[in-house]
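J.: A single structure is presented below for examination.
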Amino acid sequence: MTAAGAEYGGALYELAAEEGLEEVVLQQLTEVRRLLAENPAYEKLLAMPSVPKAERCAALDEAFGGQVEVYLLNFLKLLCEKGAIRTLPDCLAEYRARYNEAHGILEATAVTAVPMSEAQTEALKKKLEALTGKTIALTARVQPGCLGGVRLEVEGTQLDGTVKNRLDEVRRLLAATL
């Protein structure tokens, strides 16, 4: 994460928190980020120094005016004026991290070889919540290469209970004894 992204994202979170708009701004910021990612030419236009700042800000007004909170729109304009619109993913990451911390939310990813059922996902989520004492935002991903089992990724820590990992461990142990 860039220092600018952390600083700008943190400042936006503090403003939204003061106004009681944390959740709304998080949803809108996430959607704006998704839209810009889907339209890289538009993001490139907003970052182009050869296009006057006033025109870039007017493009933001046209695209998002009346559809997002005024604080978020002004934030996007500020990033555009500072030539920092490309830090938006880092701003979102910092905003989300502060939001999660303030609301006791822990993001986790479960990687499995086949899709988990809704009941399995819910059971895993409840088990993690009981272990951590926090609300879990669980994302499930399918990666056929893990063969079976589950690999959990929680706050940079990886708990690997996949069949592939166990086979690799057996290989390492056998190689060490030979």
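If you're wondering about the labels, chains in the structure tokens are A, B, ... by order shown, residues count from 1 in each chain, ligands from 1 in order shown.
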Determine, counting only C-alpha atoms, which protein, DNA and RNA residues have an atom within 8 Å of an atom of segment 108-111 of chain A; residues of the same chain fewer than 5 positions away are not included. Present the result as a compact mmCIF listing (two decimals) with all heavy atoms, in the first residue's frame.

T.:
# COMPACT_ATOMS: atom_id res chain seq x y z
N ILE A 136 -16.97 -12.23 11.15
CA ILE A 136 -16.13 -12.70 10.04
C ILE A 136 -16.79 -12.35 8.71
O ILE A 136 -17.97 -12.66 8.50
CB ILE A 136 -15.89 -14.23 10.12
CG1 ILE A 136 -15.18 -14.59 11.42
CG2 ILE A 136 -15.12 -14.73 8.90
CD1 ILE A 136 -13.77 -14.08 11.55
N ALA A 137 -16.04 -11.70 7.86
CA ALA A 137 -16.46 -11.47 6.47
C ALA A 137 -15.73 -12.53 5.66
O ALA A 137 -14.54 -12.38 5.35
CB ALA A 137 -16.08 -10.07 6.02
N LEU A 138 -16.42 -13.62 5.35
CA LEU A 138 -15.79 -14.77 4.71
C LEU A 138 -15.99 -14.75 3.21
O LEU A 138 -17.11 -14.62 2.72
CB LEU A 138 -16.36 -16.07 5.29
CG LEU A 138 -15.74 -17.37 4.80
CD1 LEU A 138 -14.26 -17.45 5.19
CD2 LEU A 138 -16.50 -18.57 5.37
N THR A 139 -14.89 -14.89 2.50
CA THR A 139 -14.91 -15.01 1.05
C THR A 139 -14.49 -16.44 0.72
O THR A 139 -13.47 -16.91 1.25
CB THR A 139 -13.92 -14.02 0.40
OG1 THR A 139 -14.27 -12.70 0.82
CG2 THR A 139 -13.97 -14.10 -1.11
N ALA A 140 -15.24 -17.10 -0.12
CA ALA A 140 -14.89 -18.47 -0.53
C ALA A 140 -14.34 -18.44 -1.95
O ALA A 140 -14.92 -17.78 -2.82
CB ALA A 140 -16.11 -19.37 -0.45
N ARG A 141 -13.22 -19.11 -2.15
CA ARG A 141 -12.60 -19.21 -3.48
C ARG A 141 -12.37 -20.67 -3.81
O ARG A 141 -12.07 -21.46 -2.93
CB ARG A 141 -11.24 -18.50 -3.46
CG ARG A 141 -11.21 -17.23 -4.21
CD ARG A 141 -9.86 -16.54 -4.31
NE ARG A 141 -8.69 -17.35 -4.13
CZ ARG A 141 -7.68 -17.05 -3.33
NH1 ARG A 141 -7.72 -15.95 -2.62
NH2 ARG A 141 -6.64 -17.83 -3.22
N VAL A 142 -12.49 -21.01 -5.08
CA VAL A 142 -12.24 -22.37 -5.53
C VAL A 142 -10.90 -22.40 -6.25
O VAL A 142 -10.63 -21.56 -7.12
CB VAL A 142 -13.37 -22.86 -6.47
CG1 VAL A 142 -13.05 -24.23 -7.04
CG2 VAL A 142 -14.70 -22.88 -5.73
N GLN A 143 -10.07 -23.36 -5.86
CA GLN A 143 -8.77 -23.57 -6.50
C GLN A 143 -8.57 -25.08 -6.61
O GLN A 143 -8.13 -25.72 -5.65
CB GLN A 143 -7.67 -22.92 -5.67
CG GLN A 143 -6.33 -22.84 -6.35
CD GLN A 143 -5.36 -22.08 -5.48
OE1 GLN A 143 -5.10 -22.47 -4.35
NE2 GLN A 143 -4.84 -20.99 -6.02
N VAL A 150 -9.27 -27.47 3.17
CA VAL A 150 -9.49 -26.02 3.17
C VAL A 150 -8.20 -25.31 3.55
O VAL A 150 -7.49 -25.73 4.47
CB VAL A 150 -10.57 -25.62 4.21
CG1 VAL A 150 -10.76 -24.12 4.26
CG2 VAL A 150 -11.89 -26.31 3.91
N ARG A 151 -7.92 -24.22 2.85
CA ARG A 151 -6.83 -23.32 3.24
C ARG A 151 -7.49 -22.01 3.65
O ARG A 151 -8.26 -21.43 2.90
CB ARG A 151 -5.86 -23.08 2.08
CG ARG A 151 -4.70 -22.17 2.50
CD ARG A 151 -3.67 -21.98 1.40
NE ARG A 151 -4.23 -21.23 0.29
CZ ARG A 151 -4.22 -21.65 -0.97
NH1 ARG A 151 -3.70 -22.81 -1.30
NH2 ARG A 151 -4.75 -20.91 -1.93
N LEU A 152 -7.22 -21.57 4.88
CA LEU A 152 -7.77 -20.32 5.39
C LEU A 152 -6.71 -19.24 5.38
O LEU A 152 -5.56 -19.49 5.77
CB LEU A 152 -8.28 -20.49 6.83
CG LEU A 152 -9.56 -21.27 7.01
CD1 LEU A 152 -9.84 -21.47 8.49
CD2 LEU A 152 -10.72 -20.54 6.36
N GLU A 153 -7.10 -18.07 4.94
CA GLU A 153 -6.22 -16.91 4.96
C GLU A 153 -6.93 -15.86 5.80
O GLU A 153 -7.99 -15.38 5.44
CB GLU A 153 -5.97 -16.41 3.54
CG GLU A 153 -5.29 -17.45 2.67
CD GLU A 153 -5.35 -17.16 1.18
OE1 GLU A 153 -5.93 -16.11 0.78
OE2 GLU A 153 -4.83 -17.98 0.41
N VAL A 154 -6.32 -15.55 6.96
CA VAL A 154 -6.91 -14.60 7.89
C VAL A 154 -5.83 -13.61 8.32
O VAL A 154 -4.83 -14.01 8.91
CB VAL A 154 -7.48 -15.31 9.15
CG1 VAL A 154 -8.13 -14.31 10.09
CG2 VAL A 154 -8.46 -16.39 8.76
N GLU A 155 -6.05 -12.33 8.01
CA GLU A 155 -5.11 -11.26 8.39
C GLU A 155 -3.66 -11.61 8.11
O GLU A 155 -2.79 -11.50 8.97
CB GLU A 155 -5.28 -10.90 9.87
CG GLU A 155 -6.49 -10.07 10.14
CD GLU A 155 -6.49 -9.48 11.54
OE1 GLU A 155 -5.82 -10.00 12.45
OE2 GLU A 155 -7.16 -8.46 11.71

J.: Could you tell me, as a list in words, which residues of chain A DSSP assigns to strand (DSSP E) when given the backbone?

T.: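 Taking chain A and keeping strand (DSSP E) only, one gets Ile105, Leu106, Glu107, Ala108, Thr109, Ala110, Val111, Thr112, Thr135, Ile136, Ala137, Leu138, Thr139, Ala140, Arg141, Val142, Val150, Arg151, Leu152, Glu153, Val154, Thr157, Gln158, Leu159 and Asp160 of chain A.
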
J.: Could you tell me, as a ChimeraX atom specification, which residues of chain A DSSP assigns to alpha helix (DSSP H) when given the backbone?

T.: /A:3-19,22-38,40-47,53-64,70-81,88-102,118-132,163-177

J.: Can I get the residues of segment 92-129 of chain A within 10 Å of segment 27-30 of chain A, each with the closest pair of atoms and their distance in Å to one decimal, using only C-alpha atoms, sorted chain first then ascending number, as CSV?

T.:
residue,atom,partner,partner_atom,distance
A:Leu92,CA,A:Leu29,CA,6.8
A:Ala93,CA,A:Thr30,CA,9.5
A:Tyr95,CA,A:Leu29,CA,9.0
A:Arg96,CA,A:Thr30,CA,9.2

J.: What would the file look like if the residues just selected were written as a short mmCIF file (atom, residue, chain, number, x, y, z; two decimals), in the first residue's frame with N, CA and C atoms?

T.:
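Produced file selection-v2.cif, reproduced below:
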data_model
loop_
_atom_site.label_atom_id
_atom_site.label_comp_id
_atom_site.auth_asym_id
_atom_site.auth_seq_id
_atom_site.Cartn_x
_atom_site.Cartn_y
_atom_site.Cartn_z
N LEU A 92 -9.07 2.63 -0.86
CA LEU A 92 -10.14 1.71 -0.49
C LEU A 92 -9.66 0.68 0.53
N ALA A 93 -8.46 0.14 0.33
CA ALA A 93 -7.93 -0.85 1.26
C ALA A 93 -7.77 -0.26 2.66
N TYR A 95 -9.36 2.43 3.87
CA TYR A 95 -10.70 2.74 4.36
C TYR A 95 -11.34 1.48 4.92
N ARG A 96 -11.28 0.39 4.14
CA ARG A 96 -11.89 -0.88 4.57
C ARG A 96 -11.22 -1.41 5.85
#

J.: Could you pull the residues within 10 Å of Ala16 of chain A, counting only C-alpha atoms, minus those fewer than 2 positions along the same chain, as a tab-separated table (two decimals) with C-alpha atoms, in the first residue's frame?

T.:
chain	number	residue	atom	x	y	z
A	10	GLY	CA	-7.65	7.17	6.39
A	11	ALA	CA	-8.70	10.79	6.07
A	12	LEU	CA	-11.81	9.82	4.11
A	13	TYR	CA	-12.71	7.24	6.76
A	14	GLU	CA	-12.33	9.79	9.57
A	18	GLU	CA	-17.63	11.98	11.89
A	19	GLU	CA	-20.68	12.27	9.65
A	20	GLY	CA	-22.01	8.77	10.44
A	21	LEU	CA	-21.63	7.70	6.81
A	22	GLU	CA	-18.97	4.99	7.14
A	23	GLU	CA	-21.02	2.16	5.66
A	24	VAL	CA	-22.58	4.19	2.85
A	25	VAL	CA	-19.24	5.64	1.79
A	26	LEU	CA	-17.61	2.19	1.95
A	69	GLU	CA	-22.13	11.19	-1.17
A	71	TYR	CA	-17.79	13.84	0.53
A	72	LEU	CA	-16.84	10.95	-1.72
A	95	TYR	CA	-10.70	2.74	4.36

J.: Any idea what's packed within 8 Å of segment 74-80 of chain A, counting only C-alpha atoms, ignoring anything in its chain fewer than 4 positions away? Could you give it as a compact mmCIF listing (two decimals) with all heavy atoms, in the first residue's frame?

T.:
# COMPACT_ATOMS: atom_id res chain seq x y z
N LEU A 12 -10.42 9.99 4.55
CA LEU A 12 -11.81 9.82 4.11
C LEU A 12 -12.61 9.05 5.15
O LEU A 12 -13.74 9.41 5.46
CB LEU A 12 -11.87 9.10 2.76
CG LEU A 12 -13.28 8.85 2.22
CD1 LEU A 12 -14.03 10.16 1.99
CD2 LEU A 12 -13.22 8.03 0.93
N LEU A 46 -8.70 10.32 -16.25
CA LEU A 46 -8.70 11.08 -15.00
C LEU A 46 -7.28 11.32 -14.48
O LEU A 46 -7.04 12.27 -13.73
CB LEU A 46 -9.51 10.34 -13.93
CG LEU A 46 -11.00 10.23 -14.19
CD1 LEU A 46 -11.66 9.36 -13.12
CD2 LEU A 46 -11.65 11.61 -14.24
N ALA A 47 -6.35 10.47 -14.87
CA ALA A 47 -4.97 10.59 -14.40
C ALA A 47 -4.08 11.38 -15.37
O ALA A 47 -2.94 11.69 -15.04
CB ALA A 47 -4.37 9.20 -14.20
N LYS A 53 -7.27 20.07 -15.08
CA LYS A 53 -7.90 19.57 -13.85
C LYS A 53 -9.39 19.85 -13.83
O LYS A 53 -10.19 19.01 -13.41
CB LYS A 53 -7.24 20.21 -12.62
CG LYS A 53 -5.84 19.74 -12.37
CD LYS A 53 -5.23 20.46 -11.18
CE LYS A 53 -3.77 20.06 -11.03
NZ LYS A 53 -3.12 20.77 -9.94
N ARG A 56 -11.20 17.28 -15.82
CA ARG A 56 -11.23 15.97 -15.16
C ARG A 56 -12.24 15.97 -14.02
O ARG A 56 -12.99 15.01 -13.84
CB ARG A 56 -9.84 15.61 -14.65
CG ARG A 56 -8.87 15.29 -15.80
CD ARG A 56 -7.53 14.84 -15.31
NE ARG A 56 -6.73 16.03 -15.02
CZ ARG A 56 -5.71 16.07 -14.18
NH1 ARG A 56 -5.32 14.99 -13.54
NH2 ARG A 56 -5.04 17.18 -13.98
N CYS A 57 -12.28 17.06 -13.26
CA CYS A 57 -13.25 17.16 -12.16
C CYS A 57 -14.68 17.23 -12.70
O CYS A 57 -15.60 16.65 -12.11
CB CYS A 57 -12.94 18.37 -11.28
SG CYS A 57 -11.43 18.16 -10.30
N LEU A 60 -15.83 13.82 -13.43
CA LEU A 60 -16.26 13.13 -12.21
C LEU A 60 -17.66 13.58 -11.79
O LEU A 60 -18.48 12.76 -11.38
CB LEU A 60 -15.26 13.37 -11.07
CG LEU A 60 -13.95 12.61 -11.19
CD1 LEU A 60 -12.93 13.14 -10.18
CD2 LEU A 60 -14.17 11.12 -10.98
N VAL A 70 -21.55 13.52 -1.29
CA VAL A 70 -20.76 14.68 -1.72
C VAL A 70 -19.32 14.59 -1.20
O VAL A 70 -18.38 15.00 -1.88
CB VAL A 70 -21.44 16.01 -1.31
CG1 VAL A 70 -21.42 16.20 0.19
CG2 VAL A 70 -20.82 17.18 -2.03
N ALA A 84 -3.45 11.76 -8.08
CA ALA A 84 -3.34 10.55 -7.26
C ALA A 84 -4.53 9.62 -7.44
O ALA A 84 -4.77 8.76 -6.60
CB ALA A 84 -3.20 10.95 -5.79
N ILE A 85 -5.27 9.74 -8.54
CA ILE A 85 -6.45 8.91 -8.74
C ILE A 85 -6.08 7.43 -8.79
O ILE A 85 -6.87 6.57 -8.42
CB ILE A 85 -7.25 9.34 -9.99
CG1 ILE A 85 -8.67 8.76 -9.98
CG2 ILE A 85 -6.52 8.97 -11.27
CD1 ILE A 85 -9.58 9.39 -9.00

J.: Kindly indicate which residue among A:Ala176, A:Ala97, A:Ile105, A:Val170 lies nearest to Gly9 of chain A, using only C-alpha atoms for the distances.

T.: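 The shortest atom-to-atom distance to Gly9 of chain A comes from A:Ala97.
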
J.: For a test of reading the model, state the distance in Å between atom CA of Glu31 of chain A and atom CA of Phe64 of chain A, rounded to one decimal.

T.: 10.8 Å

J.: At what distance in Å, to one decimal, does atom CA of Lys134 of chain A lie from atom CA of Leu106 of chain A?

T.: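 Pair atom CA of Leu106 of chain A / atom CA of Lys134 of chain A returns 6.3 Å.
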